[in-house]
Number of protein chains: 2
Amino acid sequence: MARWESGARERLQRAALELYAERGYDGVTVAEIAEAAGLTERTFFRYFADKREVLFVSQDEFEHLFLDGLDDADRHDPMSLVGSALASAAAMFSDDRRGWSRERRQIIAAHPALQERELLKMSALAVALTRALTDRGIDPTTAALAAESGVTVFRTAFAAWLADGEDRPFAQIQDGVLADLRALTGAG
Amino acid sequence: MARWESGARERLQRAALELYAERGYDGVTVAEIAEAAGLTERTFFRYFADKREVLFVSQDEFEHLFLDGLDDADRHDPMSLVGSALASAAAMFSDDRRGWSRERRQIIAAHPALQERELLKMSALAVALTRALTDRGIDPTTAALAAESGVTVFRTAFAAWLADGEDRPFAQIQDGVLADLRALTGAG
């Protein structure tokens with residue numbers, strides 16, 4: 001990769017987000033994003049399939065944030081495994097990423113096609129987590145419930161992390177949501 | 001409505017499902033569905049916005065299957081309310097509907113656009129349930145967790161109900177899944 005392309009992915013993401021915020025998602029072309037980043041369209045398409053994908057990390061990368069946590073887990077009950085996956089993913093959402101994530105959320109909230117993409121991402125994550133749990137010998141229904149519950153905790157924590165005025169670290173928020181879920185569903 | 005149109009909605013749904021199973025979803029037009037049902041295209045569009053919607057009940061109707069259960073609930077803790085909503089919805093999924101639902105599931109499983117529609121339906125249900133719970137004074141995070149957990153139980157039970165060889169009633173399966181979730185997430 002040529003020297004001037006270093007950080008190309010991040011420059012394209014930053015340029016896209018700024019243009020989407022300024023002119024609306026529908027009003028921006030790939031050519032304009034590439035130009036604003038000082039890169040070519042050809043380079044854009046080396047990193048992203050289209051202008052929607054620039055707002056999403058690759059599905060594989062996203063899933064591995066969670067699945068990597070299972071490899072290190074020394075416990076074997078389903079919710080402990082899910083807890084390990086969530087803790088592993090939390091490391092990705094550092095405080096210096098929160099501003100970018102807040103801007104991204106605003107763009108997505110305004111566009112149904114982007115919301116669908118986000119739902120598919122979460123659904124595919126639940127499928128991947130379910131498979132990882134069944135691979136460890138957990139029965140399919142229990143694995144699905146544990147995986148879906150984990151995704152619910154992640155999504156709820158993610159929304160809370162981005163709320164106006166929230167400044168607690170992601171991991172702390174997510175631990176709280178997981179404890180809330182356990183108290184809520186375990187009661188009664 | 002003219003007499004010959006009685007049961008038009010159901011005839012269109014049945015005709016669509018048969019044609020989709022026979023020729024594949026992409027290979028079927030609204031005109032063909034209407035013709036197979038002995039009705040006009042104009043009548044089709046009185047009931048459904050497009051050939052995708054013929055596989056889905058209206059979102060409003062779907063959400064009310066669940067929300068109606070909240071009106072009758074005499075308990076006030078979040079998971080008991082969710083349990084009432086789930087029990088209310090279970091009444092819709094009678095044994096004589098299982099065959100239709102199994103065929104429908106096969107069509108949906110083969111088409112990403114239909115899977116997206118199903119995900120959106122479930123996501124909107126979670127939003128509606130969350131709002132119904134916050135309207136009852138439950139804090140937003142707890143409401144979201146309870147609603148999402150309820151949707152997870154419903155989806156898991158629905159998939160189990162349609163599994164090959166399964167013949168237990170929907171309500172019984174769903175009660176079991178809810179108990180599994182409580183045992184799973186409440187433990188530890």
# chains A, B, ... in the order shown; residues from 1 in each chain; ligands from 1
>>> residues_around(residues="segment 137-144 of chain A", least_positions_apart="4", cutoff="9 Å", atoms="only C-alpha atoms", output="list of chain:residue names")
A:Asp77, A:Pro78, A:Ala126, A:Val127, A:Leu129, A:Thr130, A:Arg131, A:Ala132, A:Leu133, A:Glu148, A:Ser149, B:Thr152, B:Thr156, B:Ala160, B:Val177, B:Asp180, B:Leu181, B:Leu184
>>> interface_residues(of="chain B", to="chain A", cutoff="6 Å", atoms="only C-alpha atoms", output="list in words")
Arg182, Thr185 and Gly186 of chain B
>>> write_last_selection(atoms="all heavy atoms", output="JSON list (two decimals), in the first residue's frame")
[["chain", "number", "residue", "atom", "x", "y", "z"],
["B", 182, "ARG", "N", -35.52, -17.80, 32.46],
["B", 182, "ARG", "CA", -35.42, -17.37, 33.85],
["B", 182, "ARG", "C", -34.37, -18.19, 34.60],
["B", 182, "ARG", "O", -33.57, -17.65, 35.38],
["B", 182, "ARG", "CB", -36.77, -17.48, 34.54],
["B", 182, "ARG", "CG", -37.71, -16.35, 34.12],
["B", 182, "ARG", "CD", -39.10, -16.53, 34.71],
["B", 182, "ARG", "NE", -39.87, -15.31, 34.56],
["B", 182, "ARG", "CZ", -40.14, -14.46, 35.55],
["B", 182, "ARG", "NH1", -39.74, -14.70, 36.77],
["B", 182, "ARG", "NH2", -40.83, -13.35, 35.33],
["B", 185, "THR", "N", -30.71, -17.05, 32.98],
["B", 185, "THR", "CA", -30.14, -15.74, 33.27],
["B", 185, "THR", "C", -30.18, -15.42, 34.76],
["B", 185, "THR", "O", -29.39, -14.62, 35.24],
["B", 185, "THR", "CB", -30.87, -14.64, 32.50],
["B", 185, "THR", "OG1", -32.26, -14.72, 32.82],
["B", 185, "THR", "CG2", -30.68, -14.80, 31.02],
["B", 186, "GLY", "N", -31.10, -16.06, 35.47],
["B", 186, "GLY", "CA", -31.18, -15.79, 36.91],
["B", 186, "GLY", "C", -30.11, -16.51, 37.70],
["B", 186, "GLY", "O", -29.75, -16.09, 38.79]]
>>> residues_around(residues="Gly38 of chain A", least_positions_apart="4", cutoff="9 Å", atoms="only C-alpha atoms", output="MDAnalysis selection string")
chainID A and resid 11:12 33:34
>>> closest_residue(among="B:Pro169, B:Gly176, B:Gly83, B:Gly7", to="Arg98 of chain B", atoms="only C-alpha atoms")
B:Pro169
>>> residues_around(residues="Leu114 of chain A", least_positions_apart="2", cutoff="10 Å", atoms="only C-alpha atoms", output="PyMOL selection string")
chain A and resi 25+52-53+55-56+105+107-112+116-120
>>> residues_around(residues="Phe158 of chain B", least_positions_apart="3", cutoff="9 Å", atoms="only C-alpha atoms", output="PyMOL selection string")
chain B and resi 93+153-155+161-163+170+173-174
>>> residues_around(residues="segment 59-71 of chain B", least_positions_apart="3", cutoff="9 Å", atoms="only C-alpha atoms", output="PyMOL selection string")
chain B and resi 56+74+81-92+121+124-125+128-129+132-133
>>> closest_residue(among="A:Ala8, A:Arg14, A:Asp175, A:Gly27", to="Glu41 of chain A", atoms="only C-alpha atoms")
A:Ala8
>>> atom_distance(atom1="atom CA of Arg136 of chain A", atom2="atom CA of Gln172 of chain A")
27.6 Å
>>> atom_distance(atom1="atom CA of Lys51 of chain B", atom2="atom CA of Ala15 of chain B")
11.3 Å
>>> atom_distance(atom1="atom CA of Arg46 of chain A", atom2="atom CA of Leu17 of chain A")
18.2 Å
